[in-house]
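What follows is a single structure, written as structure tokens, with notes after it.
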Amino acid sequence: MKIKKAKRDVVVVGGGPAGLAAAVSAKKEGAPQVLLIERGRVLGGILNQCIHDGFGLHRFKQALSGPEYAQRFIDDLESLSIDVMLNTMVLSLDGERRLLVSSKDGLMEIEAGAVVLAMGCRERTAGALMLPGSRPTGVYTAGVAQTLINLQNIMVGQEAVILGSGDIGLIMARRLTLEGAKVKGVYEILPYASGLPRNIKQCLEDYQIPLHLATTVVELHGSSRLTGVTVSRVDEARRPVPGTEEFIPCDTLLLSVGLIPENELSREAGVQIDPTTGGAVVDDTLMTTVPGIFSCGNVLQVHDVVDDVSEEAESAGAHAARYAMGRMSPADTYVQLRAGKGIRYLLPQKVSGQMDFVLSARVTEPMENKALVLRDQNGKGILRKKKIRLHPAVMVRVKVDRDRLKGANRIEMGVE
Amino acid sequence: MRKTLVCVICPNGCHVEAEVQERGGRLEVLEVTGALCKKGERWVRQEVVEPLRTISSSVLVEGGDFPLVSVRTDSPIPLDSIFRVMDEVKRARVRAPVSIGQVIISNPAGTSCNIIATRMVNPA
Ligand code: SF4
């Protein structure tokens with residue numbers, strides 16, 4: 001078979017919220033030919049199934065649903081005449097930014113001036129949890145249940161237990177309740193909830209759905225269909241405490257136990273992955289360790305608010321356009337960023353010091369009345385932000401002025 | 001009487017305290033502390049007296065390229081009217097094409113909101 005060949009200035013992989021914003025931004029920055037590649041049959045990615053509202057509060061000052069939020073960017077994409085390939089898989093990507101893609105028109109090799117990776121993430125599944133017991137039907141990840149109910153009109157069950165208090169799980173607890181199902185409870189292995197406080201309130205408390213902390217599912221029951229689960233309290237080391245087991249009858253178990261960035265393609269291109277974020281190591285332009293390959297959105301770090309995804313993706317898209325047009329001078333030295341006390345991760349992992357940037361971080365545990373402090377290699381304070389409340393479920397985003405980095409070659413952020 | 005609430009307006013999720021007094025069978029908010037913004041403060045004053053929420057769901061589509069259209073309330077409704085509104089949403093049917101913002105049900109269950117479509121559905 002003959003492989004077609006093409007050249008594009010910026011190729012964006014993934015048509016979800018990050019990819020949409022990156023493509024629009026790359027075009028606006030002046031890249032003449034921007035191509036967006038999406039695996040599915042429609043643009044918008046995960047936003048299509050997120051029919052609840054609350055998107056765009058920051059950016060549009062309105063509580064939009066996921067599809068409406070996506071549509072705003074799709075409209076921009078169309079008015080800017082950005083090329084889109086739907087139903088198209090990226091089969092490979094190399095360190096020279098050559099992509100091999102497959103669509104119903106056959107294979108095509110594309111040489112890209114710059115690539116933006118925006119593949120998003122997938123859900124952690126039951127297999128990864130290693131639950132003992134049988135493998136009955138009725139066990140779904142929260143996102144799969146969301147697709148079935150919201151897009152395909154398939155109700156997953158009548159009596160549900162939710163394992164994990166991630167946002168999708170909380171949203172699905174409310175959704176199931178509104179659809180007439182009984183949600184028996186949400187069980188979280190950690191001693192605190194992993195979803196946003198507002199979702200605990202408006203998805204659980206509003207409907208009197210109990211949230212059990214430091215408790216997990218230890219066994220599934222049922223041969224063909226799920227008939228119930230055994231839950232158990234856990235100790236600080238997250239080990240089940242004998243004697244605390246309880247049987248909860250249910251026909252459905254939803255798992256909301258974490259998201260994994262989909263970085264297979266990034267790895268193949270030689271992009272270095274940060275083991276803590278599960279995403280690429282990037283600099284302040286959101287460029288990965290492979291020149292000309294950028295990363296943004298949930299494939300870079302799992303976000304809790306889509307407005308932040310759009311902002312991050314716009315930055316990646318604009319820098320990718322500049323790179324492709326030869327308008328980006330690579331930094332010769334970098335300031336390294338490190339997570340200090342109380343910080344699980346920091347992103348970007350290194351900065352050029354040539355531009356202002358947004359620092360993303362997550363703390364290790366819930367804390368109150370603390371300050372986030374940036375210090376240089378000599379312990380000199382660079383930036384201090386007071387925080388009444390810090391929570392691992394709420395990503396911290398801090399704007400950092402480049403002037404503050406003068407004389408620093410290593411920076412550490414810690415909670416004090 | 002002090003009430004502690006989590007503001008649901010934005011992802012900050014401020015823990016807000018309200019000093020509340022009962023007068024003539026009605027609750028009155030005397031003071032609000034802990035809200036980072038005015039919007040949150042207004043929300044607390046409303047929340048104590050009558051909680052309002054928005055909801056989202058989906059409605060069956062006839063003759064569309066998708067079997068469902070996602071919908072939401074265009075303004076908040078009383079928390080205790082949600083299930084009555086949902087009953088009407090479940091019974092509703094709409095014919096494709098459907099456009100974003102199209103009113104699918106007006107004033108469900110006697111509330112002052114409209115149920116509007118939040119995605120486009122083209123004819124099959
Ligand atoms: S008070 Fe304001 S900032 Fe705080 S959660 Fe409510 S809306 Fe957000």
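How things are named: the first chain in the structure tokens is A, the next is B, and so on; residues count from 1 in each chain; ligands count from 1 in the order shown.
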
Starting from chain A, keep only residues with some atom at most 6 Å from an atom of chain B, counting only C-alpha atoms, and report them as a PyMOL selection string.
chain A and resi 51-52+67-68+197-198

What lies within 8 Å of segment 11-22 of chain A using only C-alpha atoms, ignoring chain neighbours under 5 positions off, as an MDAnalysis selection string?
chainID A and resid 34:39 43:47 70 73:74 77 90 112:120 296:298 306 309:318

Please produce an output containing N, CA and C atoms for each residue in the selection, written as a short mmCIF file (atom, residue, chain, number, x, y, z; two decimals), in the first residue's frame.
```
data_model
loop_
_atom_site.label_atom_id
_atom_site.label_comp_id
_atom_site.auth_asym_id
_atom_site.auth_seq_id
_atom_site.Cartn_x
_atom_site.Cartn_y
_atom_site.Cartn_z
N VAL A 34 -2.23 24.06 10.95
CA VAL A 34 -2.40 23.31 12.20
C VAL A 34 -3.33 22.13 11.91
N LEU A 35 -2.95 20.96 12.38
CA LEU A 35 -3.77 19.76 12.18
C LEU A 35 -4.10 19.15 13.54
N LEU A 36 -5.39 18.87 13.73
CA LEU A 36 -5.83 18.22 14.97
C LEU A 36 -6.26 16.79 14.63
N ILE A 37 -5.70 15.82 15.35
CA ILE A 37 -6.03 14.42 15.09
C ILE A 37 -6.80 13.84 16.27
N GLU A 38 -7.97 13.26 16.01
CA GLU A 38 -8.81 12.69 17.06
C GLU A 38 -9.17 11.25 16.71
N ARG A 39 -9.07 10.40 17.71
CA ARG A 39 -9.34 8.98 17.55
C ARG A 39 -10.83 8.69 17.37
N LEU A 43 -15.40 15.58 18.21
CA LEU A 43 -14.45 16.33 19.03
C LEU A 43 -15.04 16.53 20.42
N GLY A 44 -14.21 16.89 21.36
CA GLY A 44 -14.71 17.20 22.72
C GLY A 44 -14.24 16.22 23.77
N GLY A 45 -13.89 15.00 23.31
CA GLY A 45 -13.35 14.00 24.24
C GLY A 45 -14.27 13.75 25.42
N ILE A 46 -13.69 13.70 26.59
CA ILE A 46 -14.42 13.37 27.82
C ILE A 46 -15.55 14.36 28.10
N LEU A 47 -15.45 15.59 27.56
CA LEU A 47 -16.48 16.59 27.84
C LEU A 47 -17.85 16.16 27.33
N ALA A 70 -17.13 22.44 25.33
CA ALA A 70 -16.40 21.96 24.16
C ALA A 70 -16.80 22.72 22.91
N PHE A 73 -15.04 25.89 21.88
CA PHE A 73 -13.74 25.73 21.25
C PHE A 73 -13.89 25.17 19.84
N ILE A 74 -14.89 24.29 19.65
CA ILE A 74 -15.11 23.72 18.32
C ILE A 74 -15.52 24.84 17.35
N LEU A 77 -12.43 26.65 16.40
CA LEU A 77 -11.66 25.79 15.50
C LEU A 77 -12.18 25.93 14.08
N VAL A 90 -3.11 7.70 15.81
CA VAL A 90 -1.68 7.91 15.61
C VAL A 90 -0.99 6.61 15.97
N ALA A 112 5.93 16.94 11.22
CA ALA A 112 5.40 18.09 11.95
C ALA A 112 6.52 19.02 12.40
N GLY A 113 6.27 20.31 12.29
CA GLY A 113 7.22 21.29 12.81
C GLY A 113 7.26 21.23 14.32
N ALA A 114 6.09 21.02 14.90
CA ALA A 114 5.97 20.83 16.35
C ALA A 114 4.77 19.92 16.61
N VAL A 115 4.83 19.19 17.71
CA VAL A 115 3.74 18.29 18.07
C VAL A 115 3.24 18.66 19.46
N VAL A 116 1.92 18.69 19.62
CA VAL A 116 1.36 18.87 20.97
C VAL A 116 0.66 17.58 21.36
N LEU A 117 1.10 16.97 22.44
CA LEU A 117 0.48 15.74 22.92
C LEU A 117 -0.66 16.10 23.88
N ALA A 118 -1.85 15.66 23.54
CA ALA A 118 -3.03 15.99 24.36
C ALA A 118 -3.98 14.79 24.38
N MET A 119 -3.42 13.62 24.73
CA MET A 119 -4.19 12.38 24.64
C MET A 119 -5.07 12.12 25.85
N GLY A 120 -4.90 12.90 26.91
CA GLY A 120 -5.75 12.71 28.09
C GLY A 120 -5.34 11.50 28.91
N CYS A 296 0.25 18.74 27.25
CA CYS A 296 -0.66 19.55 28.06
C CYS A 296 -1.93 18.77 28.39
N GLY A 297 -2.66 19.25 29.37
CA GLY A 297 -3.92 18.61 29.76
C GLY A 297 -3.65 17.38 30.62
N ASN A 298 -4.61 16.47 30.64
CA ASN A 298 -4.53 15.33 31.55
C ASN A 298 -3.44 14.31 31.19
N VAL A 306 -11.48 21.99 34.24
CA VAL A 306 -11.20 22.04 32.81
C VAL A 306 -10.67 23.41 32.39
N VAL A 309 -7.12 23.24 32.34
CA VAL A 309 -6.64 22.47 31.18
C VAL A 309 -6.54 23.38 29.97
N SER A 310 -7.58 24.17 29.74
CA SER A 310 -7.59 25.06 28.58
C SER A 310 -6.43 26.05 28.64
N GLU A 311 -6.22 26.61 29.83
CA GLU A 311 -5.16 27.60 29.99
C GLU A 311 -3.79 26.98 29.70
N GLU A 312 -3.59 25.79 30.26
CA GLU A 312 -2.31 25.10 30.06
C GLU A 312 -2.12 24.75 28.58
N ALA A 313 -3.20 24.29 27.94
CA ALA A 313 -3.12 23.87 26.55
C ALA A 313 -2.87 25.06 25.63
N GLU A 314 -3.44 26.20 25.97
CA GLU A 314 -3.21 27.40 25.15
C GLU A 314 -1.74 27.79 25.19
N SER A 315 -1.15 27.66 26.35
CA SER A 315 0.27 27.96 26.48
C SER A 315 1.08 26.98 25.64
N ALA A 316 0.77 25.69 25.74
CA ALA A 316 1.50 24.68 24.96
C ALA A 316 1.34 24.93 23.46
N GLY A 317 0.11 25.23 23.04
CA GLY A 317 -0.17 25.45 21.62
C GLY A 317 0.59 26.65 21.08
N ALA A 318 0.62 27.73 21.84
CA ALA A 318 1.31 28.95 21.40
C ALA A 318 2.82 28.71 21.30
#
```

Can you list every residue in chain B that DSSP puts in helix (DSSP H, G or I), as a JSON list (two decimals) with all heavy atoms, in the first residue's frame?
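File produced: part34.json:
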```
[["chain", "number", "residue", "atom", "x", "y", "z"],
["B", 38, "LYS", "N", -17.98, 37.81, 46.96],
["B", 38, "LYS", "CA", -19.34, 38.29, 47.18],
["B", 38, "LYS", "C", -20.40, 37.28, 46.71],
["B", 38, "LYS", "O", -21.46, 37.13, 47.31],
["B", 38, "LYS", "CB", -19.55, 39.60, 46.42],
["B", 38, "LYS", "CG", -19.00, 40.82, 47.15],
["B", 38, "LYS", "CD", -20.12, 41.51, 47.92],
["B", 38, "LYS", "CE", -19.60, 42.58, 48.87],
["B", 38, "LYS", "NZ", -18.75, 42.10, 49.96],
["B", 39, "LYS", "N", -20.06, 36.61, 45.60],
["B", 39, "LYS", "CA", -20.99, 35.65, 45.04],
["B", 39, "LYS", "C", -21.28, 34.53, 46.06],
["B", 39, "LYS", "O", -22.42, 34.10, 46.23],
["B", 39, "LYS", "CB", -20.36, 35.05, 43.78],
["B", 39, "LYS", "CG", -21.37, 34.68, 42.75],
["B", 39, "LYS", "CD", -20.73, 34.30, 41.45],
["B", 39, "LYS", "CE", -21.78, 33.64, 40.59],
["B", 39, "LYS", "NZ", -21.29, 33.21, 39.31],
["B", 40, "GLY", "N", -20.21, 34.10, 46.71],
["B", 40, "GLY", "CA", -20.34, 33.05, 47.71],
["B", 40, "GLY", "C", -21.17, 33.53, 48.90],
["B", 40, "GLY", "O", -21.97, 32.78, 49.46],
["B", 41, "GLU", "N", -20.98, 34.79, 49.27],
["B", 41, "GLU", "CA", -21.72, 35.35, 50.40],
["B", 41, "GLU", "C", -23.22, 35.37, 50.09],
["B", 41, "GLU", "O", -24.05, 34.97, 50.91],
["B", 41, "GLU", "CB", -21.21, 36.75, 50.71],
["B", 41, "GLU", "CG", -21.80, 37.30, 51.98],
["B", 41, "GLU", "CD", -21.19, 38.66, 52.36],
["B", 41, "GLU", "OE1", -19.99, 38.87, 52.13],
["B", 41, "GLU", "OE2", -21.96, 39.50, 52.87],
["B", 42, "ARG", "N", -23.54, 35.79, 48.87],
["B", 42, "ARG", "CA", -24.96, 35.81, 48.45],
["B", 42, "ARG", "C", -25.52, 34.39, 48.45],
["B", 42, "ARG", "O", -26.65, 34.14, 48.85],
["B", 42, "ARG", "CB", -25.09, 36.42, 47.05],
["B", 42, "ARG", "CG", -25.73, 37.79, 47.07],
["B", 42, "ARG", "CD", -25.79, 38.37, 45.67],
["B", 42, "ARG", "NE", -24.51, 38.89, 45.25],
["B", 42, "ARG", "CZ", -23.94, 38.71, 44.06],
["B", 42, "ARG", "NH1", -24.54, 37.98, 43.14],
["B", 42, "ARG", "NH2", -22.79, 39.23, 43.77],
["B", 43, "TRP", "N", -24.67, 33.45, 47.98],
["B", 43, "TRP", "CA", -25.11, 32.06, 47.92],
["B", 43, "TRP", "C", -25.46, 31.55, 49.32],
["B", 43, "TRP", "O", -26.49, 30.90, 49.52],
["B", 43, "TRP", "CB", -24.02, 31.19, 47.30],
["B", 43, "TRP", "CG", -24.38, 29.74, 47.27],
["B", 43, "TRP", "CD1", -25.16, 29.11, 46.35],
["B", 43, "TRP", "CD2", -24.01, 28.75, 48.24],
["B", 43, "TRP", "NE1", -25.30, 27.78, 46.68],
["B", 43, "TRP", "CE2", -24.60, 27.54, 47.83],
["B", 43, "TRP", "CE3", -23.23, 28.75, 49.39],
["B", 43, "TRP", "CZ2", -24.45, 26.35, 48.53],
["B", 43, "TRP", "CZ3", -23.08, 27.57, 50.10],
["B", 43, "TRP", "CH2", -23.68, 26.38, 49.66],
["B", 44, "VAL", "N", -24.64, 31.87, 50.31],
["B", 44, "VAL", "CA", -24.87, 31.40, 51.68],
["B", 44, "VAL", "C", -26.19, 31.96, 52.21],
["B", 44, "VAL", "O", -26.98, 31.24, 52.83],
["B", 44, "VAL", "CB", -23.71, 31.81, 52.61],
["B", 44, "VAL", "CG1", -24.06, 31.52, 54.06],
["B", 44, "VAL", "CG2", -22.46, 31.05, 52.22],
["B", 45, "ARG", "N", -26.44, 33.24, 51.96],
["B", 45, "ARG", "CA", -27.69, 33.85, 52.43],
["B", 45, "ARG", "C", -28.90, 33.11, 51.86],
["B", 45, "ARG", "O", -29.90, 32.90, 52.52],
["B", 45, "ARG", "CB", -27.73, 35.34, 52.06],
["B", 45, "ARG", "CG", -26.72, 36.12, 52.87],
["B", 45, "ARG", "CD", -26.74, 37.60, 52.56],
["B", 45, "ARG", "NE", -25.68, 38.27, 53.32],
["B", 45, "ARG", "CZ", -25.79, 38.64, 54.59],
["B", 45, "ARG", "NH1", -26.92, 38.46, 55.24],
["B", 45, "ARG", "NH2", -24.77, 39.19, 55.23],
["B", 46, "GLN", "N", -28.79, 32.70, 50.59],
["B", 46, "GLN", "CA", -29.86, 31.95, 49.95],
["B", 46, "GLN", "C", -29.92, 30.52, 50.50],
["B", 46, "GLN", "O", -31.00, 30.01, 50.80],
["B", 46, "GLN", "CB", -29.62, 31.94, 48.44],
["B", 46, "GLN", "CG", -30.60, 31.10, 47.65],
["B", 46, "GLN", "CD", -32.00, 31.67, 47.65],
["B", 46, "GLN", "OE1", -32.19, 32.87, 47.44],
["B", 46, "GLN", "NE2", -32.98, 30.83, 47.92],
["B", 47, "GLU", "N", -28.75, 29.91, 50.65],
["B", 47, "GLU", "CA", -28.66, 28.50, 51.04],
["B", 47, "GLU", "C", -29.33, 28.24, 52.39],
["B", 47, "GLU", "O", -29.98, 27.23, 52.59],
["B", 47, "GLU", "CB", -27.18, 28.09, 51.08],
["B", 47, "GLU", "CG", -26.92, 26.65, 51.50],
["B", 47, "GLU", "CD", -27.26, 25.62, 50.44],
["B", 47, "GLU", "OE1", -27.61, 26.03, 49.31],
["B", 47, "GLU", "OE2", -27.20, 24.42, 50.74],
["B", 48, "VAL", "N", -29.16, 29.17, 53.29],
["B", 48, "VAL", "CA", -29.71, 28.98, 54.63],
["B", 48, "VAL", "C", -31.24, 29.04, 54.59],
["B", 48, "VAL", "O", -31.93, 28.29, 55.26],
["B", 48, "VAL", "CB", -29.14, 30.06, 55.59],
["B", 48, "VAL", "CG1", -29.87, 30.04, 56.91],
["B", 48, "VAL", "CG2", -27.65, 29.82, 55.78],
["B", 49, "VAL", "N", -31.77, 29.93, 53.76],
["B", 49, "VAL", "CA", -33.21, 30.12, 53.71],
["B", 49, "VAL", "C", -33.87, 29.08, 52.81],
["B", 49, "VAL", "O", -34.83, 28.41, 53.22],
["B", 49, "VAL", "CB", -33.54, 31.55, 53.20],
["B", 49, "VAL", "CG1", -35.04, 31.76, 53.17],
["B", 49, "VAL", "CG2", -32.86, 32.58, 54.09],
["B", 79, "LEU", "N", -33.86, 22.82, 45.92],
["B", 79, "LEU", "CA", -33.34, 21.47, 46.12],
["B", 79, "LEU", "C", -34.48, 20.46, 46.25],
["B", 79, "LEU", "O", -34.42, 19.36, 45.69],
["B", 79, "LEU", "CB", -32.46, 21.45, 47.38],
["B", 79, "LEU", "CG", -31.75, 20.18, 47.78],
["B", 79, "LEU", "CD1", -30.83, 19.68, 46.68],
["B", 79, "LEU", "CD2", -30.93, 20.41, 49.06],
["B", 80, "ASP", "N", -35.54, 20.84, 46.96],
["B", 80, "ASP", "CA", -36.60, 19.85, 47.20],
["B", 80, "ASP", "C", -37.55, 19.68, 46.01],
["B", 80, "ASP", "O", -38.49, 18.90, 46.07],
["B", 80, "ASP", "CB", -37.36, 20.17, 48.49],
["B", 80, "ASP", "CG", -38.05, 21.51, 48.45],
["B", 80, "ASP", "OD1", -38.22, 22.06, 47.33],
["B", 80, "ASP", "OD2", -38.42, 22.03, 49.53],
["B", 81, "SER", "N", -37.29, 20.40, 44.89],
["B", 81, "SER", "CA", -38.13, 20.19, 43.71],
["B", 81, "SER", "C", -37.44, 19.30, 42.68],
["B", 81, "SER", "O", -38.02, 18.97, 41.64],
["B", 81, "SER", "CB", -38.48, 21.53, 43.05],
["B", 81, "SER", "OG", -37.33, 22.09, 42.44],
["B", 82, "ILE", "N", -36.20, 18.91, 42.98],
["B", 82, "ILE", "CA", -35.39, 18.21, 41.98],
["B", 82, "ILE", "C", -36.04, 16.94, 41.46],
["B", 82, "ILE", "O", -36.11, 16.70, 40.25],
["B", 82, "ILE", "CB", -33.96, 17.93, 42.53],
["B", 82, "ILE", "CG1", -33.16, 19.23, 42.53],
["B", 82, "ILE", "CG2", -33.26, 16.85, 41.71],
["B", 82, "ILE", "CD1", -31.76, 19.12, 43.06],
["B", 83, "PHE", "N", -36.57, 16.10, 42.36],
["B", 83, "PHE", "CA", -37.11, 14.84, 41.89],
["B", 83, "PHE", "C", -38.39, 15.02, 41.07],
["B", 83, "PHE", "O", -38.64, 14.28, 40.14],
["B", 83, "PHE", "CB", -37.29, 13.85, 43.04],
["B", 83, "PHE", "CG", -35.98, 13.25, 43.46],
["B", 83, "PHE", "CD1", -35.25, 13.79, 44.51],
["B", 83, "PHE", "CD2", -35.44, 12.19, 42.75],
["B", 83, "PHE", "CE1", -34.02, 13.25, 44.87],
["B", 83, "PHE", "CE2", -34.21, 11.64, 43.10],
["B", 83, "PHE", "CZ", -33.50, 12.19, 44.15],
["B", 84, "ARG", "N", -39.17, 16.04, 41.41],
["B", 84, "ARG", "CA", -40.37, 16.32, 40.60],
["B", 84, "ARG", "C", -39.97, 16.80, 39.20],
["B", 84, "ARG", "O", -40.57, 16.43, 38.20],
["B", 84, "ARG", "CB", -41.26, 17.34, 41.31],
["B", 84, "ARG", "CG", -42.12, 16.69, 42.41],
["B", 84, "ARG", "CD", -42.98, 17.71, 43.14],
["B", 84, "ARG", "NE", -42.16, 18.49, 44.08],
["B", 84, "ARG", "CZ", -42.09, 19.81, 44.12],
["B", 84, "ARG", "NH1", -42.80, 20.52, 43.28],
["B", 84, "ARG", "NH2", -41.32, 20.41, 45.00],
["B", 85, "VAL", "N", -38.93, 17.62, 39.15],
["B", 85, "VAL", "CA", -38.44, 18.08, 37.84],
["B", 85, "VAL", "C", -37.89, 16.89, 37.04],
["B", 85, "VAL", "O", -38.17, 16.75, 35.85],
["B", 85, "VAL", "CB", -37.35, 19.17, 38.03],
["B", 85, "VAL", "CG1", -36.68, 19.49, 36.70],
["B", 85, "VAL", "CG2", -37.96, 20.43, 38.64],
["B", 86, "MET", "N", -37.17, 16.01, 37.74],
["B", 86, "MET", "CA", -36.60, 14.83, 37.05],
["B", 86, "MET", "C", -37.70, 13.95, 36.44],
["B", 86, "MET", "O", -37.51, 13.38, 35.37],
["B", 86, "MET", "CB", -35.75, 14.00, 38.02],
["B", 86, "MET", "CG", -34.31, 14.45, 38.14],
["B", 86, "MET", "SD", -33.42, 14.51, 36.56],
["B", 86, "MET", "CE", -33.39, 12.76, 36.12],
["B", 87, "ASP", "N", -38.82, 13.84, 37.13],
["B", 87, "ASP", "CA", -39.93, 13.05, 36.59],
["B", 87, "ASP", "C", -40.35, 13.56, 35.22],
["B", 87, "ASP", "O", -40.61, 12.79, 34.30],
["B", 87, "ASP", "CB", -41.13, 13.09, 37.54],
["B", 87, "ASP", "CG", -40.95, 12.15, 38.72],
["B", 87, "ASP", "OD1", -40.09, 11.24, 38.60],
["B", 87, "ASP", "OD2", -41.63, 12.32, 39.75],
["B", 88, "GLU", "N", -40.43, 14.88, 35.09],
["B", 88, "GLU", "CA", -40.83, 15.45, 33.80],
["B", 88, "GLU", "C", -39.74, 15.26, 32.75],
["B", 88, "GLU", "O", -40.02, 15.02, 31.57],
["B", 88, "GLU", "CB", -41.17, 16.94, 33.95],
["B", 88, "GLU", "CG", -42.45, 17.12, 34.74],
["B", 88, "GLU", "CD", -43.05, 18.52, 34.55],
["B", 88, "GLU", "OE1", -42.85, 19.13, 33.48],
["B", 88, "GLU", "OE2", -43.71, 18.97, 35.49],
["B", 89, "VAL", "N", -38.48, 15.39, 33.19],
["B", 89, "VAL", "CA", -37.36, 15.22, 32.26],
["B", 89, "VAL", "C", -37.37, 13.80, 31.70],
["B", 89, "VAL", "O", -37.16, 13.57, 30.52],
["B", 89, "VAL", "CB", -36.01, 15.53, 32.96],
["B", 89, "VAL", "CG1", -34.83, 15.11, 32.09],
["B", 89, "VAL", "CG2", -35.92, 17.01, 33.31],
["B", 90, "LYS", "N", -37.66, 12.82, 32.58],
["B", 90, "LYS", "CA", -37.65, 11.42, 32.14],
["B", 90, "LYS", "C", -38.75, 11.13, 31.12],
["B", 90, "LYS", "O", -38.60, 10.27, 30.27],
["B", 90, "LYS", "CB", -37.82, 10.48, 33.34],
["B", 90, "LYS", "CG", -36.51, 10.26, 34.07],
["B", 90, "LYS", "CD", -36.72, 9.36, 35.27],
["B", 90, "LYS", "CE", -35.62, 9.60, 36.27],
["B", 90, "LYS", "NZ", -35.96, 9.11, 37.60],
["B", 91, "ARG", "N", -39.88, 11.84, 31.27],
["B", 91, "ARG", "CA", -40.99, 11.59, 30.34],
["B", 91, "ARG", "C", -40.82, 12.31, 29.00],
["B", 91, "ARG", "O", -41.48, 11.98, 28.03],
["B", 91, "ARG", "CB", -42.30, 12.04, 30.99],
["B", 91, "ARG", "CG", -42.83, 11.04, 32.01],
["B", 91, "ARG", "CD", -44.32, 11.25, 32.25],
["B", 91, "ARG", "NE", -44.61, 12.63, 32.64],
["B", 91, "ARG", "CZ", -44.62, 13.06, 33.91],
["B", 91, "ARG", "NH1", -44.38, 12.22, 34.89],
["B", 91, "ARG", "NH2", -44.90, 14.31, 34.19],
["B", 108, "PRO", "N", -40.66, 23.22, 34.37],
["B", 108, "PRO", "CA", -41.02, 21.88, 34.85],
["B", 108, "PRO", "C", -41.42, 21.93, 36.32],
["B", 108, "PRO", "O", -40.83, 22.67, 37.11],
["B", 108, "PRO", "CB", -39.72, 21.08, 34.66],
["B", 108, "PRO", "CG", -38.63, 22.12, 34.67],
["B", 108, "PRO", "CD", -39.24, 23.34, 34.05],
["B", 109, "ALA", "N", -42.44, 21.14, 36.67],
["B", 109, "ALA", "CA", -42.93, 21.02, 38.06],
["B", 109, "ALA", "C", -43.18, 22.38, 38.70],
["B", 109, "ALA", "O", -42.95, 22.58, 39.89],
["B", 109, "ALA", "CB", -41.94, 20.20, 38.90],
["B", 110, "GLY", "N", -43.59, 23.32, 37.89],
["B", 110, "GLY", "CA", -43.96, 24.62, 38.42],
["B", 110, "GLY", "C", -42.80, 25.50, 38.85],
["B", 110, "GLY", "O", -42.99, 26.55, 39.46]]
```

Report the distance between atom CA of Pro240 of chain A and atom CA of Val183 of chain A in Å, rounded to one decimal place.
22.9 Å

Computed interatomic separation between atom CA of Val394 of chain A and atom CA of Gln349 of chain A (Å)
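About the pair atom CA of Val394 of chain A and atom CA of Gln349 of chain A: they are 19.3 Å apart.
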
Per residue of chain A within 12 Å of ligand 1, which atom pair is closest and at what distance in Å (one decimal), using only C-alpha atoms and all ligand atoms, listed by chain and increasing number, as a tab-separated table?
```
residue	atom	partner	partner_atom_place_in_ligand_line	distance
A:Gly54	CA	ligand 1	7 (S)	11.5
A:Leu57	CA	ligand 1	7 (S)	9.5
A:His58	CA	ligand 1	8 (Fe)	10.0
A:Lys61	CA	ligand 1	7 (S)	11.0
A:Gln62	CA	ligand 1	7 (S)	11.9
A:Ala63	CA	ligand 1	7 (S)	11.6
A:Leu196	CA	ligand 1	5 (S)	10.8
A:Pro197	CA	ligand 1	5 (S)	9.2
A:Arg198	CA	ligand 1	5 (S)	7.9
A:Asn199	CA	ligand 1	5 (S)	11.5
A:Lys201	CA	ligand 1	5 (S)	11.7
A:Ile388	CA	ligand 1	4 (Fe)	11.5
A:Arg389	CA	ligand 1	4 (Fe)	11.4
```

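Between atom CA of Arg175 of chain A and atom CA of Ala35 of chain B there is a distance of 28.0 Å.
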
As a PyMOL selection string, please: all residues of segment 213-375 of chain A that backbone DSSP puts in strand (DSSP E or B).
chain A and resi 215-221+225+228-234+240+246-249+252-255+259-261+273+280+287+293-295+335-339+343-347+350-351+357-363+367-375

Using only C-alpha atoms, which of the listed residues (A:Asp403, A:Asp376, A:Asp167, A:Glu29) sits closest to Asp356 of chain A?
A:Asp403
